[in-house]
file model.csv (CSV, C-alpha atoms)
chain,number,residue,atom,x,y,z
Q,17,SER,CA,20.0,-7.7,-8.3
Q,18,SER,CA,17.5,-8.2,-5.5
Q,19,PHE,CA,17.2,-5.6,-2.8
Q,20,SER,CA,18.0,-8.1,0.0
Q,21,SER,CA,21.5,-8.8,-1.4
Q,22,ASN,CA,22.3,-5.3,-2.4
Q,23,PRO,CA,20.7,-2.8,-0.1
Q,24,GLU,CA,23.6,-0.4,-0.7
Q,25,ASP,CA,22.4,0.2,-4.2
Q,26,PHE,CA,19.3,1.9,-2.9
Q,27,LYS,CA,19.8,5.4,-1.5
Q,28,THR,CA,17.0,7.3,0.3
Q,29,PHE,CA,16.4,11.0,-0.3
Q,30,TYR,CA,13.8,13.6,0.8
Q,31,TYR,CA,12.3,16.3,-1.4
Q,32,ASN,CA,10.9,19.5,0.0
Q,33,GLN,CA,7.4,19.0,-1.4
Q,34,THR,CA,4.7,21.7,-1.7
Q,35,LEU,CA,1.5,21.0,0.3
Q,36,ASP,CA,-1.0,22.2,-2.3
Q,37,HIS,CA,-0.1,22.5,-6.0
Q,38,PHE,CA,-3.4,24.0,-6.9
Q,39,ASN,CA,-3.7,27.0,-4.6
Q,40,TYR,CA,-1.9,30.2,-3.9
Q,41,ARG,CA,-3.2,30.8,-0.3
Q,42,PRO,CA,-0.4,31.4,2.2
Q,43,ASP,CA,-1.0,28.1,4.0
Q,44,CYS,CA,-0.7,26.1,0.7
Q,45,TYR,CA,2.9,27.1,0.4
Q,46,SER,CA,3.9,25.1,3.4
Q,47,THR,CA,6.0,22.0,2.6
Q,48,PHE,CA,6.6,18.4,3.8
Q,49,GLN,CA,9.4,16.0,3.3
Q,50,GLN,CA,8.6,13.5,0.6
Q,51,LYS,CA,10.6,10.3,0.5
Q,52,TYR,CA,12.1,8.8,-2.7
Q,53,VAL,CA,14.7,6.1,-3.3
Q,54,ILE,CA,17.2,5.9,-6.1
Q,55,ASN,CA,19.2,3.0,-7.5
Q,56,SER,CA,21.7,4.3,-10.0
Q,57,LYS,CA,23.8,1.1,-10.3
Q,58,TYR,CA,22.8,0.4,-13.9
Q,59,TRP,CA,22.3,3.9,-15.2
Q,60,GLY,CA,24.0,4.8,-18.4
Q,61,GLY,CA,24.2,8.4,-17.3
Q,62,PRO,CA,23.0,11.8,-18.6
Q,63,LYS,CA,25.5,11.9,-21.5
Q,64,SER,CA,23.9,9.0,-23.2
Q,65,ASN,CA,20.4,10.2,-22.3
Q,66,ALA,CA,19.8,6.8,-20.6
Q,67,PRO,CA,16.2,6.4,-19.4
Q,68,ILE,CA,14.7,6.8,-16.0
Q,69,PHE,CA,12.2,4.2,-14.7
Q,70,ALA,CA,10.0,5.6,-12.0
Q,71,TYR,CA,7.8,3.5,-9.7
Q,72,LEU,CA,4.8,5.6,-8.5
Q,73,GLY,CA,4.0,4.8,-4.9
Q,74,ASP,CA,0.5,3.7,-4.0
Q,75,GLU,CA,-1.4,3.3,-0.7
Q,76,ALA,CA,1.4,1.9,1.3
Q,77,PRO,CA,4.7,3.0,2.9
Q,78,LEU,CA,7.7,2.7,0.5
Q,79,ASP,CA,9.8,0.2,2.4
Q,80,SER,CA,12.3,-2.4,1.4
Q,81,ASP,CA,9.5,-5.0,1.0
Q,82,GLN,CA,7.9,-2.8,-1.6
Q,83,LEU,CA,11.2,-2.0,-3.4
Q,84,LEU,CA,11.9,-5.7,-3.5
Q,85,SER,CA,8.5,-6.7,-4.8
Q,86,VAL,CA,8.5,-4.3,-7.8
Q,87,GLY,CA,11.0,-6.5,-9.6
Q,88,PHE,CA,10.1,-5.2,-13.0
Q,89,LEU,CA,12.4,-2.3,-12.5
Q,90,THR,CA,15.5,-4.1,-11.1
Q,91,ASP,CA,15.0,-7.0,-13.6
Q,92,ASN,CA,15.1,-4.7,-16.6
Q,93,ALA,CA,17.5,-1.9,-15.3
Q,94,LEU,CA,20.6,-3.5,-16.9
Q,95,GLN,CA,19.3,-4.0,-20.4
Q,96,PHE,CA,17.9,-0.5,-20.5
Q,97,GLN,CA,20.7,1.1,-18.5
Q,98,ALA,CA,18.0,2.8,-16.5
Q,99,LEU,CA,18.1,4.9,-13.5
Q,100,LEU,CA,15.5,3.6,-11.0
Q,101,VAL,CA,13.4,5.9,-8.9
Q,102,TYR,CA,10.8,5.0,-6.4
Q,103,ILE,CA,8.6,7.8,-5.0
Q,104,GLU,CA,6.4,7.5,-1.9
Q,105,HIS,CA,2.8,8.6,-2.1
Q,106,ARG,CA,1.9,11.6,0.2
Q,107,TYR,CA,0.4,10.7,3.5
Q,108,TYR,CA,1.9,7.2,3.6
Q,109,GLY,CA,5.2,6.0,5.1
Q,110,LYS,CA,7.5,8.9,5.9
Q,111,SER,CA,5.9,11.4,3.5
Q,112,ILE,CA,3.5,12.9,6.0
Q,113,PRO,CA,2.6,16.6,6.0
Q,114,PHE,CA,1.8,18.7,9.1
Q,115,GLY,CA,4.7,17.4,11.1
Q,116,SER,CA,3.1,14.2,12.3
Q,117,ARG,CA,0.7,11.5,11.4
Q,118,LYS,CA,-1.7,12.4,14.2
Q,119,GLU,CA,-1.9,15.9,12.9
Q,120,ALA,CA,-2.2,14.9,9.2
Q,121,PHE,CA,-5.0,12.6,10.0
Q,122,ARG,CA,-6.7,14.8,12.5
Q,123,ASN,CA,-9.7,15.8,10.4
Q,124,ALA,CA,-10.9,16.6,6.9
Q,125,SER,CA,-9.1,20.0,7.0
Q,126,THR,CA,-5.7,18.4,7.1
Q,127,LEU,CA,-6.7,15.3,5.1
Q,128,GLY,CA,-8.1,17.6,2.3
Q,129,TYR,CA,-4.7,17.7,0.6
Q,130,PHE,CA,-4.7,13.9,0.3
Q,131,ASN,CA,-5.8,13.0,-3.2
Q,132,SER,CA,-4.6,11.6,-6.5
Q,133,ALA,CA,-4.3,14.9,-8.3
Q,134,GLN,CA,-1.9,16.2,-5.6
Q,135,ALA,CA,0.0,12.9,-5.7
Q,136,ILE,CA,0.7,12.9,-9.4
Q,137,ALA,CA,1.7,16.6,-9.2
Q,138,ASP,CA,4.1,15.5,-6.4
Q,139,TYR,CA,5.6,12.9,-8.8
Q,140,ALA,CA,5.9,15.5,-11.6
Q,141,ASP,CA,7.8,17.8,-9.2
Q,142,VAL,CA,10.2,15.1,-7.9
Q,143,LEU,CA,11.0,13.8,-11.4
Q,144,LEU,CA,11.7,17.3,-12.9
Q,145,HIS,CA,13.8,18.1,-9.8
Q,146,LEU,CA,15.8,14.9,-10.4
Q,147,LYS,CA,16.3,15.5,-14.1
Q,148,LYS,CA,17.6,19.0,-13.3
Q,149,ASN,CA,19.9,17.9,-10.5
Q,150,LEU,CA,21.4,15.1,-12.6
Q,151,SER,CA,21.6,17.2,-15.8
Q,152,ALA,CA,19.5,14.6,-17.4
Q,153,GLU,CA,17.1,16.9,-19.2
Q,154,ASN,CA,16.8,14.6,-22.2
Q,155,SER,CA,16.5,11.3,-20.3
Q,156,PRO,CA,13.1,9.8,-21.1
Q,157,ILE,CA,10.9,8.7,-18.2
Q,158,ILE,CA,8.9,5.5,-18.1
Q,159,VAL,CA,6.5,5.2,-15.1
Q,160,VAL,CA,5.3,1.9,-13.6
Q,161,GLY,CA,2.5,1.4,-11.0
Q,162,GLY,CA,0.3,-1.4,-9.8
Q,163,SER,CA,-3.4,-1.3,-8.8
Q,164,TYR,CA,-4.2,2.2,-7.5
Q,165,GLY,CA,-0.6,3.0,-8.4
Q,166,GLY,CA,-1.4,1.7,-11.9
Q,167,MET,CA,-4.2,4.1,-12.2
Q,168,LEU,CA,-1.8,6.9,-11.2
Q,169,ALA,CA,0.6,5.7,-13.9
Q,170,ALA,CA,-2.0,5.8,-16.6
Q,171,TRP,CA,-3.4,9.2,-15.4
Q,172,PHE,CA,0.1,10.6,-15.2
Q,173,ARG,CA,0.7,9.9,-18.8
Q,174,LEU,CA,-2.7,11.5,-19.7
Q,175,LYS,CA,-2.1,14.6,-17.6
Q,176,TYR,CA,1.7,15.1,-17.9
Q,177,PRO,CA,2.7,13.8,-21.3
Q,178,HIS,CA,5.5,16.5,-21.4
Q,179,ILE,CA,7.1,14.8,-18.4
Q,180,VAL,CA,6.6,11.0,-18.9
Q,181,LEU,CA,7.2,9.2,-22.2
Q,182,GLY,CA,5.1,6.1,-21.3
Q,183,SER,CA,3.3,4.2,-18.6
Q,184,LEU,CA,3.0,0.6,-17.6
Q,185,ALA,CA,-0.3,0.4,-15.6
Q,186,SER,CA,-0.5,-3.0,-14.0
Q,187,SER,CA,-3.9,-4.3,-12.8
Q,188,ALA,CA,-5.3,-0.7,-12.8
Q,189,PRO,CA,-9.2,-0.7,-12.4
Q,190,ILE,CA,-9.6,2.7,-13.9
Q,191,LEU,CA,-13.1,1.8,-15.2
Q,192,TYR,CA,-14.5,0.9,-11.8
Q,193,PHE,CA,-16.1,4.3,-11.4
Q,194,ASP,CA,-19.6,5.6,-11.9
Q,195,ASP,CA,-21.5,2.9,-13.8
Q,196,ILE,CA,-18.8,2.2,-16.4
Q,197,SER,CA,-18.1,-1.4,-15.2
Q,198,PRO,CA,-20.7,-3.9,-14.0
Q,199,ARG,CA,-21.0,-3.3,-10.2
Q,200,PHE,CA,-20.9,-7.1,-9.6
Q,201,GLY,CA,-17.9,-7.7,-11.7
Q,202,TYR,CA,-15.4,-8.0,-8.8
Q,203,TYR,CA,-17.3,-10.7,-6.9
Q,204,SER,CA,-18.3,-12.6,-10.0
Q,205,ILE,CA,-14.6,-13.1,-10.8
Q,206,VAL,CA,-14.0,-14.1,-7.1
Q,207,THR,CA,-16.8,-16.7,-7.5
Q,208,LYS,CA,-15.3,-18.0,-10.8
Q,209,ASP,CA,-11.8,-18.3,-9.2
Q,210,PHE,CA,-13.1,-20.3,-6.3
Q,211,LYS,CA,-15.2,-22.5,-8.5
Q,212,GLU,CA,-12.3,-23.3,-10.9
Q,213,THR,CA,-10.0,-24.0,-7.9
Q,214,SER,CA,-12.3,-26.1,-5.8
Q,215,GLU,CA,-15.9,-26.9,-6.6
Q,216,SER,CA,-16.5,-28.2,-3.0
Q,217,CYS,CA,-15.0,-25.1,-1.5
Q,218,TYR,CA,-17.2,-22.9,-3.6
Q,219,ARG,CA,-20.3,-24.9,-2.7
Q,220,THR,CA,-19.5,-24.9,1.0
Q,221,ILE,CA,-19.1,-21.1,1.0
Q,222,ARG,CA,-22.3,-20.6,-1.0
Q,223,LYS,CA,-24.3,-22.8,1.4
Q,224,SER,CA,-22.9,-21.1,4.5
Q,225,TRP,CA,-24.7,-17.8,4.3
Q,226,ALA,CA,-28.2,-19.2,4.7
Q,227,LYS,CA,-26.9,-21.4,7.6
Q,228,ILE,CA,-25.3,-18.4,9.3
Q,229,ASP,CA,-28.6,-16.5,8.9
Q,230,ARG,CA,-30.5,-19.4,10.3
Q,231,VAL,CA,-28.3,-19.7,13.4
Q,232,ALA,CA,-28.3,-15.9,13.9
Q,233,SER,CA,-32.1,-15.7,13.9
Q,234,ARG,CA,-32.4,-18.2,16.9
Q,235,PRO,CA,-32.4,-17.0,20.5
Q,236,HIS,CA,-28.8,-16.3,21.5
Q,237,GLY,CA,-27.9,-17.1,17.9
Q,238,LEU,CA,-25.2,-14.3,17.6
Q,239,SER,CA,-23.3,-15.6,20.7
Q,240,THR,CA,-23.5,-19.1,19.2
Q,241,LEU,CA,-21.9,-17.8,16.0
Q,242,GLY,CA,-19.4,-15.8,18.0
Q,243,LYS,CA,-18.3,-19.0,19.8
Q,244,ARG,CA,-18.1,-21.0,16.5
Q,245,PHE,CA,-16.1,-18.3,14.7
Q,246,ASN,CA,-14.1,-17.2,17.8
Q,247,THR,CA,-14.9,-13.6,16.9
Q,248,CYS,CA,-13.5,-10.9,19.3
Q,249,CYS,CA,-16.7,-10.5,21.3
Q,250,ALA,CA,-16.8,-14.3,21.8
Q,251,ILE,CA,-15.8,-16.7,24.5
Q,252,ASP,CA,-12.6,-18.6,23.5
Q,253,GLY,CA,-12.2,-22.3,23.4
Q,254,ALA,CA,-15.2,-23.5,21.5
Q,255,SER,CA,-14.5,-26.8,19.8
Q,256,VAL,CA,-14.7,-26.8,16.0
Q,257,GLY,CA,-16.9,-29.3,14.3
Q,258,THR,CA,-16.5,-30.3,10.6
Q,259,ASP,CA,-20.0,-29.2,9.4
Q,260,THR,CA,-20.4,-26.3,7.0
Q,261,LEU,CA,-19.7,-23.6,9.7
Q,262,GLY,CA,-16.7,-25.6,11.0
Q,263,ARG,CA,-15.2,-25.8,7.5
Q,264,ILE,CA,-15.8,-22.1,7.0
Q,265,TYR,CA,-14.0,-21.3,10.3
Q,266,ALA,CA,-11.1,-23.5,9.2
Q,267,GLY,CA,-10.8,-21.4,6.1
Q,268,VAL,CA,-10.8,-18.2,8.2
Q,269,VAL,CA,-7.9,-19.6,10.3
Q,270,ALA,CA,-6.0,-20.8,7.2
Q,271,TYR,CA,-6.3,-17.3,5.7
Q,272,MET,CA,-5.8,-15.1,8.8
Q,273,GLY,CA,-3.5,-17.4,10.8
Q,274,HIS,CA,-4.0,-18.6,14.4
Q,275,ARG,CA,-5.2,-15.8,16.6
Q,276,SER,CA,-6.8,-15.7,20.0
Q,277,CYS,CA,-9.9,-14.1,18.3
Q,278,TYR,CA,-10.9,-12.7,14.9
Q,279,ASP,CA,-11.9,-9.1,14.4
Q,280,MET,CA,-14.7,-9.0,11.8
Q,281,ASN,CA,-14.6,-5.3,11.6
Q,282,GLU,CA,-10.9,-4.9,10.8
Q,283,PHE,CA,-11.4,-2.3,8.0
Q,284,LYS,CA,-13.7,-0.1,10.1
Q,285,ASN,CA,-11.3,-0.2,13.1
Q,286,ALA,CA,-8.3,0.2,10.9
Q,287,THR,CA,-5.1,1.6,12.5
Q,288,ASP,CA,-2.5,0.6,10.0
Q,289,GLN,CA,-1.4,3.1,7.4
Q,290,THR,CA,-2.8,1.5,4.3
Q,291,ASN,CA,-6.2,0.9,5.8
Q,292,GLU,CA,-6.4,4.3,7.4
Q,293,GLY,CA,-5.2,6.2,4.4
Q,294,TRP,CA,-7.3,4.2,1.9
Q,295,ARG,CA,-10.4,4.7,4.0
Q,296,TRP,CA,-10.0,8.4,3.5
Q,297,GLN,CA,-9.2,8.1,-0.2
Q,298,THR,CA,-12.3,5.9,-0.9
Q,299,CYS,CA,-14.5,8.3,1.2
Q,300,SER,CA,-13.4,11.3,-0.9
Q,301,GLU,CA,-12.6,10.5,-4.5
Q,302,ILE,CA,-11.9,6.8,-5.1
Q,303,VAL,CA,-15.5,5.7,-4.9
Q,304,MET,CA,-15.7,2.2,-6.5
Q,305,PRO,CA,-19.3,0.9,-6.5
Q,306,ILE,CA,-18.4,-2.7,-5.8
Q,307,GLY,CA,-21.3,-4.9,-4.6
Q,308,HIS,CA,-22.6,-8.5,-4.6
Q,309,GLU,CA,-25.5,-9.5,-6.7
Q,310,ASN,CA,-28.0,-12.2,-5.9
Q,311,CYS,CA,-27.9,-14.7,-8.7
Q,312,LYS,CA,-27.9,-18.5,-8.7
Q,313,GLU,CA,-24.2,-18.8,-9.4
Q,314,SER,CA,-22.8,-16.2,-6.9
Q,315,MET,CA,-20.9,-17.4,-3.9
Q,316,PHE,CA,-22.0,-14.4,-2.0
Q,317,PRO,CA,-25.3,-13.2,-0.5
Q,318,SER,CA,-27.0,-10.3,-2.2
Q,319,ALA,CA,-25.4,-6.9,-1.1
Q,320,PRO,CA,-25.6,-4.4,-3.9
Q,321,PHE,CA,-23.5,-1.2,-3.5
Q,322,ASN,CA,-25.6,1.4,-1.7
Q,323,LEU,CA,-24.4,4.9,-2.5
Q,324,ASN,CA,-26.6,6.7,0.1
Q,325,GLN,CA,-25.4,4.4,2.8
Q,326,PHE,CA,-21.8,4.8,1.7
Q,327,ILE,CA,-22.2,8.6,1.7
Q,328,ASN,CA,-23.7,8.5,5.2
Q,329,GLU,CA,-20.9,6.3,6.5
Q,330,CYS,CA,-18.2,8.6,5.1
Q,331,LYS,CA,-20.0,11.7,6.4
Q,332,SER,CA,-20.1,10.2,9.9
Q,333,LEU,CA,-16.4,9.3,9.7
Q,334,TYR,CA,-15.1,12.6,8.3
Q,335,GLY,CA,-17.9,15.1,8.1
Q,336,VAL,CA,-17.5,15.5,4.3
Q,337,LEU,CA,-19.3,13.8,1.4
Q,338,PRO,CA,-17.5,11.6,-1.1
Q,339,ARG,CA,-17.5,12.8,-4.8
Q,340,PRO,CA,-18.5,9.7,-6.8
Q,341,HIS,CA,-18.2,11.4,-10.2
Q,342,TRP,CA,-15.0,13.4,-9.7
Q,343,VAL,CA,-12.6,10.7,-11.0
Q,344,THR,CA,-14.4,10.4,-14.4
Q,345,THR,CA,-14.8,14.2,-14.5
Q,346,TYR,CA,-11.1,14.8,-14.0
Q,347,TYR,CA,-9.5,11.8,-15.7
Q,348,GLY,CA,-12.2,10.5,-18.0
Q,349,GLY,CA,-13.4,6.9,-18.2
Q,350,HIS,CA,-16.6,6.9,-20.1
Q,351,ASP,CA,-16.3,5.9,-23.8
Q,352,LEU,CA,-12.6,5.4,-23.2
Q,353,LYS,CA,-12.0,3.6,-26.5
Q,354,ARG,CA,-13.6,6.3,-28.6
Q,355,ILE,CA,-12.0,9.2,-26.8
Q,356,LEU,CA,-8.4,8.0,-26.1
Q,357,HIS,CA,-7.6,6.4,-29.4
Q,358,ARG,CA,-6.9,9.7,-31.1
Q,359,PHE,CA,-5.1,11.7,-28.4
Q,360,ALA,CA,-3.6,9.3,-25.9
Q,361,SER,CA,-0.5,7.2,-26.5
Q,362,ASN,CA,2.1,5.1,-24.8
Q,363,ILE,CA,0.2,3.3,-22.1
Q,364,ILE,CA,0.2,-0.4,-21.4
Q,365,PHE,CA,-2.8,-1.7,-19.4
Q,366,SER,CA,-1.8,-5.2,-18.2
Q,367,ASN,CA,-4.2,-7.5,-16.3
Q,368,GLY,CA,-4.5,-11.0,-15.1
Q,369,LEU,CA,-8.0,-12.2,-15.6
Q,370,LYS,CA,-8.0,-14.2,-12.3
Q,371,ASP,CA,-7.8,-10.8,-10.6
Q,372,PRO,CA,-11.2,-9.5,-9.5
Q,373,TYR,CA,-10.1,-5.9,-10.2
Q,374,SER,CA,-9.6,-6.8,-13.9
Q,375,SER,CA,-13.4,-6.4,-14.2
Q,376,GLY,CA,-12.7,-2.7,-14.0
Q,377,GLY,CA,-9.6,-2.8,-16.2
Q,378,VAL,CA,-8.9,-1.9,-19.8
Q,379,LEU,CA,-8.9,-5.3,-21.6
Q,380,GLU,CA,-8.8,-4.4,-25.2
Q,381,ASN,CA,-6.4,-2.3,-27.3
Q,382,ILE,CA,-7.5,1.3,-27.7
Q,383,SER,CA,-4.9,2.3,-30.3
Q,384,GLU,CA,-1.6,1.3,-31.7
Q,385,SER,CA,0.2,2.5,-28.6
Q,386,VAL,CA,-2.5,2.4,-25.9
Q,387,VAL,CA,-2.5,-1.4,-25.5
Q,388,ALA,CA,-4.0,-4.0,-23.3
Q,389,ILE,CA,-2.1,-7.2,-22.4
Q,390,SER,CA,-4.1,-9.7,-20.5
Q,391,THR,CA,-3.4,-13.3,-19.3
Q,392,ALA,CA,-6.0,-15.8,-18.5
Q,393,ASN,CA,-4.3,-17.0,-15.4
Q,394,GLY,CA,-2.6,-13.9,-14.1
Q,395,SER,CA,-3.4,-12.4,-10.7
Q,396,HIS,CA,-3.1,-8.9,-9.2
Q,397,CYS,CA,0.0,-7.0,-10.3
Q,398,LEU,CA,1.8,-10.2,-11.0
Q,399,ASP,CA,3.7,-8.9,-14.1
Q,400,ILE,CA,5.5,-6.2,-12.2
Q,401,ASN,CA,6.6,-8.5,-9.5
Q,402,MET,CA,10.2,-9.9,-9.4
Q,403,ALA,CA,10.8,-12.6,-12.0
Q,404,LYS,CA,11.4,-16.1,-10.6
Q,405,PRO,CA,12.8,-19.2,-12.3
Q,406,SER,CA,9.5,-21.0,-11.6
Q,407,ASP,CA,7.4,-18.4,-13.5
Q,408,PRO,CA,5.1,-20.0,-16.1
Q,409,GLN,CA,5.8,-19.4,-19.8
Q,410,TRP,CA,2.7,-17.1,-20.3
Q,411,LEU,CA,4.0,-14.8,-17.6
Q,412,VAL,CA,7.5,-14.6,-19.1
Q,413,MET,CA,5.9,-13.8,-22.4
Q,414,GLN,CA,3.7,-11.1,-21.0
Q,415,ARG,CA,6.7,-9.4,-19.5
Q,416,ASN,CA,8.7,-9.8,-22.7
Q,417,THR,CA,5.9,-8.1,-24.6
Q,418,GLU,CA,5.8,-5.2,-22.2
Q,419,VAL,CA,9.6,-4.8,-22.5
Q,420,LYS,CA,9.4,-4.9,-26.3
Q,421,ILE,CA,6.7,-2.2,-26.3
Q,422,ILE,CA,8.8,0.0,-24.0
Q,423,ARG,CA,11.8,-0.5,-26.2
Q,424,ARG,CA,9.7,0.7,-29.2
Q,425,TRP,CA,8.6,3.9,-27.3
Q,426,LEU,CA,12.3,4.6,-26.5
Q,427,SER,CA,13.6,4.1,-29.9
Q,428,LYS,CA,11.0,6.5,-31.4
Q,429,TYR,CA,11.9,9.0,-28.6
Q,430,TYR,CA,15.6,8.8,-29.4
Q,431,ALA,CA,14.9,9.2,-33.2
Q,432,ASP,CA,13.0,12.4,-32.4
Q,433,LEU,CA,15.8,13.6,-30.2
Q,434,LEU,CA,18.2,13.4,-33.1

call {"tool": "encode", "arguments": {"input": "model.csv", "output": "structure tokens"}}
result
Amino acid sequence: SSFSSNPEDFKTFYYNQTLDHFNYRPDCYSTFQQKYVINSKYWGGPKSNAPIFAYLGDEAPLDSDQLLSVGFLTDNALQFQALLVYIEHRYYGKSIPFGSRKEAFRNASTLGYFNSAQAIADYADVLLHLKKNLSAENSPIIVVGGSYGGMLAAWFRLKYPHIVLGSLASSAPILYFDDISPRFGYYSIVTKDFKETSESCYRTIRKSWAKIDRVASRPHGLSTLGKRFNTCCAIDGASVGTDTLGRIYAGVVAYMGHRSCYDMNEFKNATDQTNEGWRWQTCSEIVMPIGHENCKESMFPSAPFNLNQFINECKSLYGVLPRPHWVTTYYGGHDLKRILHRFASNIIFSNGLKDPYSSGGVLENISESVVAISTANGSHCLDINMAKPSDPQWLVMQRNTEVKIIRRWLSKYYADLL
């Protein structure tokens, strides 16, 4: 049932979305067209109260690649007779307020409506509109999201339990805020992954920083490095040796592909939608204090997260200050186990422990129905990707467990309905 073979199963719609759900000033009533996609091929229909599976868009345009990659929905649509809905996140793809991307991204005044609270309110609106339109008032909704979208899925269940029955939050680092998670967690997992995959690769990278510093401190050192690494200020055509720096450069080429030169400031000079949008989101509310520590084992040089520096960078970019404590104020996060185990329900937090973001994920069960499913070898959002015949047994089992839990939520819901 993959998208490539059946594009006609996926129909695109636009919803007239409110710009600001939390204000009543005249300008907040203006609207924009929010894109969503529906696949009703497997739906059992409103008469049987068949479920709705909704994918909550994240920091990327909702295109055919994304629809295809979220295989969890299409793979399970038939057995659940589910209606599939995919909703694009505001300010990405086609879902742009203020008439154009240029206008929407002009400054902090137009970007101010771009945050997670507005996004999940959008999703609530679209889903209620759909249920009404399809006369499917009693169809239960299960939401699925990965990474930032996984955070949205978890937060959606906490904030809108009257709309969504349960959430599958894949690789959602909802604890990477304030000081809940160790700040060096991300890079310590990266180090561990490299070490387990190739000891010599790990050692080469670890050695390289001091070598780079040594070359850089010599006269004309930076231009020497520029030539070795073919960076965009450099002269092309330097021959590559096989010493440490040469091997590092070969790694850069293997990762980024052959280019005429390599831009080391890609994030800062971002022009693509994901980077441009995510830069605003991290400079406003998604402040994740990820840094490198200086310890014997680490593959990285010491570079702890510096909040003041970060605040100044964001201020110079947008003229507004990030709010590092807002996420935990609005959604919670501290003492999660103690607080959620009585009032929250029906959330699956899934993680692969090879994913550096799992260091900010929920890795142990919080209650009977707020559960953590982790796999030692899993990577980022792997469980919600399309199933393949080559999938290892542990991945198949992880997905089966998720399906079993969702089935349990649904049977309880239908029992209550009767």

call {"tool": "closest_atom_pairs", "arguments": {"input": "model.csv", "of": "region 91-142 of chain Q", "to": "region 287-296 of chain Q", "cutoff": "12 Å", "atoms": "all atoms listed in the file", "output": "Markdown table"}}
result
| residue | atom | partner | partner_atom | distance |
| --- | --- | --- | --- | --- |
| Q:His105 | CA | Q:Gly293 | CA | 10.6 |
| Q:Arg106 | CA | Q:Gly293 | CA | 9.9 |
| Q:Tyr107 | CA | Q:Gly293 | CA | 7.2 |
| Q:Tyr108 | CA | Q:Gln289 | CA | 6.5 |
| Q:Gly109 | CA | Q:Gln289 | CA | 7.6 |
| Q:Lys110 | CA | Q:Gln289 | CA | 10.7 |
| Q:Ser111 | CA | Q:Gln289 | CA | 11.7 |
| Q:Ile112 | CA | Q:Gln289 | CA | 11.0 |
| Q:Arg117 | CA | Q:Gln289 | CA | 9.5 |
| Q:Lys118 | CA | Q:Thr287 | CA | 11.4 |
| Q:Ala120 | CA | Q:Gly293 | CA | 10.4 |
| Q:Phe121 | CA | Q:Gly293 | CA | 8.5 |
| Q:Arg122 | CA | Q:Trp296 | CA | 11.5 |
| Q:Asn123 | CA | Q:Trp296 | CA | 10.1 |
| Q:Ala124 | CA | Q:Trp296 | CA | 8.9 |
| Q:Thr126 | CA | Q:Trp296 | CA | 11.5 |
| Q:Leu127 | CA | Q:Trp296 | CA | 7.8 |
| Q:Gly128 | CA | Q:Trp296 | CA | 9.5 |
| Q:Tyr129 | CA | Q:Trp296 | CA | 11.1 |
| Q:Phe130 | CA | Q:Trp296 | CA | 8.3 |
| Q:Asn131 | CA | Q:Trp296 | CA | 9.1 |
| Q:Ser132 | CA | Q:Trp294 | CA | 11.5 |

call {"tool": "atom_distance", "arguments": {"input": "model.csv", "atom1": "CA of His396 (chain Q)", "atom2": "CA of Val160 (chain Q)"}}
result
14.4 Å

call {"tool": "closest_residue", "arguments": {"input": "model.csv", "among": "Q:Lys331, Q:Lys370, Q:Arg415, Q:Arg354", "to": "Thr207 (chain Q)", "atoms": "only C-alpha atoms"}}
result
Q:Lys370

call {"tool": "residues_around", "arguments": {"input": "model.csv", "residues": "region 41-57 of chain Q", "least_positions_apart": "4", "cutoff": "9 Å", "atoms": "all atoms listed in the file", "output": "VMD selection string"}}
result
chain Q and resid 24 to 37 61 78 83 90 93 to 94 97 to 106 109 to 115 138 142

call {"tool": "closest_residue", "arguments": {"input": "model.csv", "among": "Q:Met315, Q:Ser186, Q:Asn310, Q:Gln414", "to": "Cys217 (chain Q)", "atoms": "only C-alpha atoms"}}
result
Q:Met315

call {"tool": "atom_distance", "arguments": {"input": "model.csv", "atom1": "CA of Gly73 (chain Q)", "atom2": "CA of Phe365 (chain Q)"}}
result
17.3 Å

call {"tool": "residues_around", "arguments": {"input": "model.csv", "residues": "region 355-360 of chain Q", "least_positions_apart": "6", "cutoff": "10 Å", "atoms": "all atoms listed in the file", "output": "ChimeraX atom specification"}}
result
/Q:173-175,177,348-349,381-386

call {"tool": "closest_residue", "arguments": {"input": "model.csv", "among": "Q:Ala403, Q:Val86, Q:Ser300, Q:Gln134", "to": "Leu337 (chain Q)", "atoms": "all atoms listed in the file"}}
result
Q:Ser300

call {"tool": "atom_distance", "arguments": {"input": "model.csv", "atom1": "CA of Thr240 (chain Q)", "atom2": "CA of Ile228 (chain Q)"}}
result
10.1 Å
